[in-house]
$ cat my_file.txt   # compact mmCIF, C-alpha atoms
# COMPACT_ATOMS: atom_id res chain seq x y z
CA MET A 2 199.97 51.37 32.99
CA THR A 3 201.15 49.58 29.94
CA ILE A 4 199.35 49.55 26.65
CA GLU A 5 198.28 46.04 27.16
CA GLU A 6 196.80 46.91 30.50
CA LYS A 7 195.11 49.90 28.94
CA LEU A 8 193.79 47.71 26.18
CA GLU A 9 192.57 45.15 28.68
CA HIS A 10 190.93 47.87 30.72
CA PHE A 11 189.35 49.33 27.59
CA ARG A 12 188.20 45.90 26.47
CA GLU A 13 186.63 45.17 29.89
CA SER A 14 184.94 48.54 30.02
CA VAL A 15 183.57 48.09 26.46
CA LEU A 16 182.44 44.59 27.29
CA GLU A 17 180.81 45.81 30.54
CA ASN A 18 179.13 48.64 28.70
CA ALA A 19 177.95 46.20 26.00
CA ARG A 20 176.74 43.78 28.69
CA GLN A 21 174.79 46.52 30.46
CA LYS A 22 173.21 47.67 27.19
CA THR A 23 172.40 44.07 26.29
CA TYR A 24 170.90 43.38 29.72
CA GLY A 25 168.94 46.65 29.50
CA GLU A 26 167.65 45.79 26.01
CA LEU A 27 166.94 42.25 27.12
CA ALA A 28 165.05 43.52 30.19
CA LYS A 29 163.01 45.91 27.99
CA TYR A 30 162.33 43.13 25.52
CA THR A 31 161.35 40.75 28.36
CA GLN A 32 159.05 43.38 29.85
CA GLY A 33 157.50 43.95 26.42
CA LEU A 34 156.99 40.21 25.99
CA ASP A 35 155.51 39.99 29.51
CA ARG A 36 153.10 42.85 28.70
CA THR A 37 152.18 41.22 25.38
CA LEU A 38 151.64 37.88 27.13
CA LYS A 39 149.55 39.51 29.86
CA ASN A 40 147.45 41.39 27.27
CA HIS A 41 147.08 38.20 25.25
CA LYS A 42 145.97 36.25 28.35
CA GLN A 43 143.47 38.99 29.25
CA SER A 44 142.04 39.13 25.73
CA GLU A 45 141.87 35.31 25.61
CA GLN A 46 140.11 35.28 29.00
CA ALA A 47 137.67 37.96 27.82
CA HIS A 48 137.09 36.00 24.61
CA ARG A 49 136.49 32.78 26.59
CA GLU A 50 134.05 34.62 28.89
CA GLN A 51 132.22 36.03 25.86
CA VAL A 52 132.02 32.59 24.29
CA LEU A 53 130.78 31.07 27.56
CA ALA A 54 128.22 33.87 27.99
CA ALA A 55 127.02 33.36 24.41
CA GLN A 56 126.80 29.59 24.98
CA ARG A 57 124.90 30.14 28.25
CA THR A 58 122.50 32.53 26.52
CA GLU A 59 121.98 30.12 23.63
CA SER A 60 121.51 27.22 26.05
CA ARG A 61 119.00 29.29 28.07
CA GLN A 62 117.13 30.21 24.89
CA ILE A 63 117.00 26.59 23.77
CA SER A 64 115.75 25.43 27.17
CA ASN A 65 113.20 28.28 27.24
CA ARG A 66 111.93 27.25 23.80
CA GLU A 67 111.67 23.63 24.93
CA LEU A 68 109.96 24.71 28.15
CA ALA A 69 107.51 26.89 26.21
CA ARG A 70 106.79 24.00 23.83
CA GLU A 71 106.17 21.69 26.80
CA GLN A 72 103.96 24.30 28.49
CA VAL A 73 101.86 24.62 25.34
CA ALA A 74 101.54 20.83 25.14
CA CYS A 75 100.56 20.67 28.82
CA ARG A 76 98.03 23.48 28.37
CA ARG A 77 96.50 21.63 25.42
CA LYS A 78 96.25 18.44 27.44
CA LEU A 79 94.85 20.35 30.40
CA SER A 80 92.35 22.12 28.18
CA ALA A 81 91.24 18.83 26.64
CA CYS A 82 90.88 17.24 30.08
CA GLU A 83 89.05 20.31 31.38
CA LYS A 84 86.68 20.21 28.42
CA GLU A 85 86.04 16.50 28.92
CA LEU A 86 85.43 16.94 32.65
CA THR A 87 83.22 19.97 32.03
CA GLU A 88 81.10 17.97 29.59
CA LYS A 89 80.79 15.13 32.11
CA LEU A 90 79.85 17.62 34.80
CA ILE A 91 77.25 19.20 32.52
CA GLU A 92 75.77 15.76 31.81
CA GLU A 93 75.55 15.10 35.54
CA VAL A 94 73.94 18.50 36.17
CA LEU A 95 71.39 17.83 33.43
CA GLN A 96 70.60 14.46 35.02
CA LEU A 97 70.22 16.12 38.43
CA LEU A 98 67.94 18.75 36.91
CA ALA A 99 65.81 16.02 35.33
CA GLU A 100 65.58 14.29 38.72
CA ALA A 101 64.82 17.58 40.49
CA LYS A 102 61.91 18.25 38.12
CA LYS A 103 60.23 15.08 39.44
CA LYS A 104 60.14 16.35 43.03
CA PRO A 105 57.23 18.36 44.52
CA GLU A 106 59.58 21.26 45.26
CA TYR A 107 59.87 21.85 41.51
CA LYS A 108 56.15 22.68 41.24
CA GLN A 109 56.52 25.03 44.20
CA GLN A 110 59.47 26.70 42.45
CA LEU A 111 57.36 27.24 39.31
CA VAL A 112 54.59 28.77 41.45
CA ARG A 113 57.14 31.11 43.09
CA GLN A 114 58.49 32.16 39.68
CA ILE A 115 54.94 32.86 38.40
CA ARG A 116 54.03 34.86 41.52
CA SER A 117 57.31 36.78 41.32
CA ALA A 118 56.56 37.78 37.70
CA ALA A 119 52.99 38.79 38.68
CA ALA A 120 54.30 40.88 41.58
CA PHE A 121 56.80 42.57 39.27
CA ALA A 122 53.98 43.38 36.80
CA LYS A 123 51.95 45.05 39.58
CA GLY A 124 48.56 43.92 38.28
CA LEU A 125 49.36 44.17 34.56
CA PRO A 126 48.67 41.07 32.44
CA VAL A 127 51.51 38.55 32.38
CA GLU A 128 51.98 35.70 29.87
CA VAL A 129 53.92 32.81 31.38
CA THR A 130 55.12 29.79 29.42
CA ILE A 131 56.23 26.53 30.91
CA ASP A 132 58.35 23.80 29.37
CA PRO A 133 56.52 21.14 27.30
CA SER A 134 57.83 18.49 29.70
CA ASP A 135 55.85 20.27 32.46
CA ALA A 136 52.52 20.20 30.56
CA ASP A 137 51.02 17.86 33.17
CA LEU A 138 51.50 20.65 35.78
CA LEU A 139 49.54 23.22 33.73
CA PRO A 140 46.12 22.80 35.41
CA ALA A 141 47.60 23.02 38.92
CA LEU A 142 49.69 26.08 37.99
CA GLN A 143 46.70 27.81 36.37
CA LYS A 144 44.72 27.19 39.54
CA GLU A 145 47.52 28.70 41.69
CA ALA A 146 47.86 31.79 39.45
CA ALA A 147 44.17 32.41 38.72
CA ALA A 148 43.92 35.45 40.98
CA ASP A 149 47.16 37.06 39.77
CA ASN A 150 46.09 38.15 36.20
CA VAL A 151 48.52 35.58 34.75
CA GLU A 152 47.96 33.54 31.62
CA ILE A 153 49.93 30.29 31.57
CA ALA A 154 50.65 28.29 28.40
CA VAL A 155 52.92 25.47 27.32
CA ALA A 156 55.86 26.54 25.14
CA GLU A 157 56.33 25.04 21.70
CA GLU A 158 60.07 24.55 22.21
CA SER A 159 61.68 23.00 25.26
CA PHE A 160 63.78 25.22 27.46
CA GLY A 161 64.68 22.57 30.01
CA GLY A 162 62.28 23.61 32.76
CA GLY A 163 61.44 26.67 34.77
CA THR A 164 59.34 29.53 33.35
CA GLN A 165 59.52 32.37 30.87
CA ALA A 166 57.30 35.38 31.49
CA VAL A 167 56.41 38.29 29.21
CA ILE A 168 54.86 41.56 30.39
CA GLU A 169 53.97 43.13 27.04
CA SER A 170 52.72 46.44 28.41
CA MET A 171 56.12 46.98 30.08
CA ASN A 172 58.04 45.40 27.18
CA ILE A 173 59.79 43.05 29.61
CA ARG A 174 60.76 39.39 29.32
CA ILE A 175 61.73 37.43 32.43
CA ASP A 176 63.69 34.27 31.70
CA ASN A 177 63.70 31.84 34.61
CA SER A 178 64.21 28.85 32.33
CA PHE A 179 66.75 26.22 33.22
CA ARG A 180 68.34 26.52 29.79
CA GLY A 181 68.75 30.30 30.18
CA ARG A 182 70.31 29.97 33.60
CA PHE A 183 72.32 26.96 32.52
CA GLU A 184 73.77 28.84 29.52
CA GLU A 185 74.71 31.81 31.73
CA VAL A 186 76.59 29.51 34.10
CA ARG A 187 78.09 27.49 31.26
CA GLU A 188 79.58 30.60 29.61
CA ASP A 189 81.29 31.69 32.81
CA PHE A 190 82.17 28.22 34.09
CA ARG A 191 85.84 27.31 34.30
CA LEU A 192 86.85 24.09 35.96
CA SER A 193 89.98 25.82 37.26
CA HIS A 194 87.74 28.16 39.30
CA VAL A 195 86.24 25.13 41.02
CA LEU A 196 89.58 23.50 41.75
$ encode --input "my_file.txt" --output "structure tokens"
Amino acid sequence: MTIEEKLEHFRESVLENARQKTYGELAKYTQGLDRTLKNHKQSEQAHREQVLAAQRTESRQISNRELAREQVACRRKLSACEKELTEKLIEEVLQLLAEAKKKPEYKQQLVRQIRSAAAFAKGLPVEVTIDPSDADLLPALQKEAAADNVEIAVAEESFGGGTQAVIESMNIRIDNSFRGRFEEVREDFRLSHVL
């Protein structure tokens, strides 16, 4: 082998060695870039998902606030309507009570209330008051209760109808007035319970 051949062989072997090192370095560098790109893509994807999740949460919170605001407005409207309807219903009930007081059954109801109070008192004196609007029924009621040790009088203030009885010796008051019963029902009445 001549020197030129040796030089050529040396040159080729150095070039091959340099090529292999270059390709190796290039492959490592490419792999590093690929890893960096992959990591970057993953972190960007995670960042996008976090941003989307934050936007979804914020959007949900905004819609929940708007929904809550609308619910409050609807409840206010419903409450106002319920109050209006309740007042109308109360007016109708009061009219029906006024009409019911004109019927003969009303007098019979007063007699039953008076007799019930007398039976509860077991012979003790009972003071019964009737509504001023029922003053015309006083003589008939006194006649019905004469044998029961019951004193009947007309109240100074109206209580809508019915009777109020007091058994002083037992320290008991029996309220069968329409106003008393009406107030009990009115306190517990909710239109939503009816519907």
$ atom_distance --input "my_file.txt" --atom1 "CA of Leu125 (chain A)" --atom2 "CA of Pro140 (chain A)"
21.6 Å
$ residues_around --input "my_file.txt" --residues "Glu152 (chain A)" --least-positions-apart "5" --cutoff "9 Å" --atoms "all atoms listed in the file" --output "list of chain:residue names"
A:Pro126, A:Val127, A:Glu128, A:Val129, A:Thr130, A:Gln143, A:Ala146, A:Ala147
$ residues_near_point --input "my_file.txt" --point "(67.0, 25.7, 34.1)" --cutoff "6 Å" --atoms "all atoms listed in the file" --output "list in words"
Gly161, Gly162, Gly163, Ser178, Phe179, Arg180, Arg182 and Phe183 of chain A
$ residues_around --input "my_file.txt" --residues "Ser117 (chain A)" --least-positions-apart "4" --cutoff "12 Å" --atoms "all atoms listed in the file" --output "count of residues only"
19
$ closest_residue --input "my_file.txt" --among "A:Val15, A:Leu138, A:Ile4, A:Ile63" --to "Pro105 (chain A)" --atoms "only C-alpha atoms"
A:Leu138
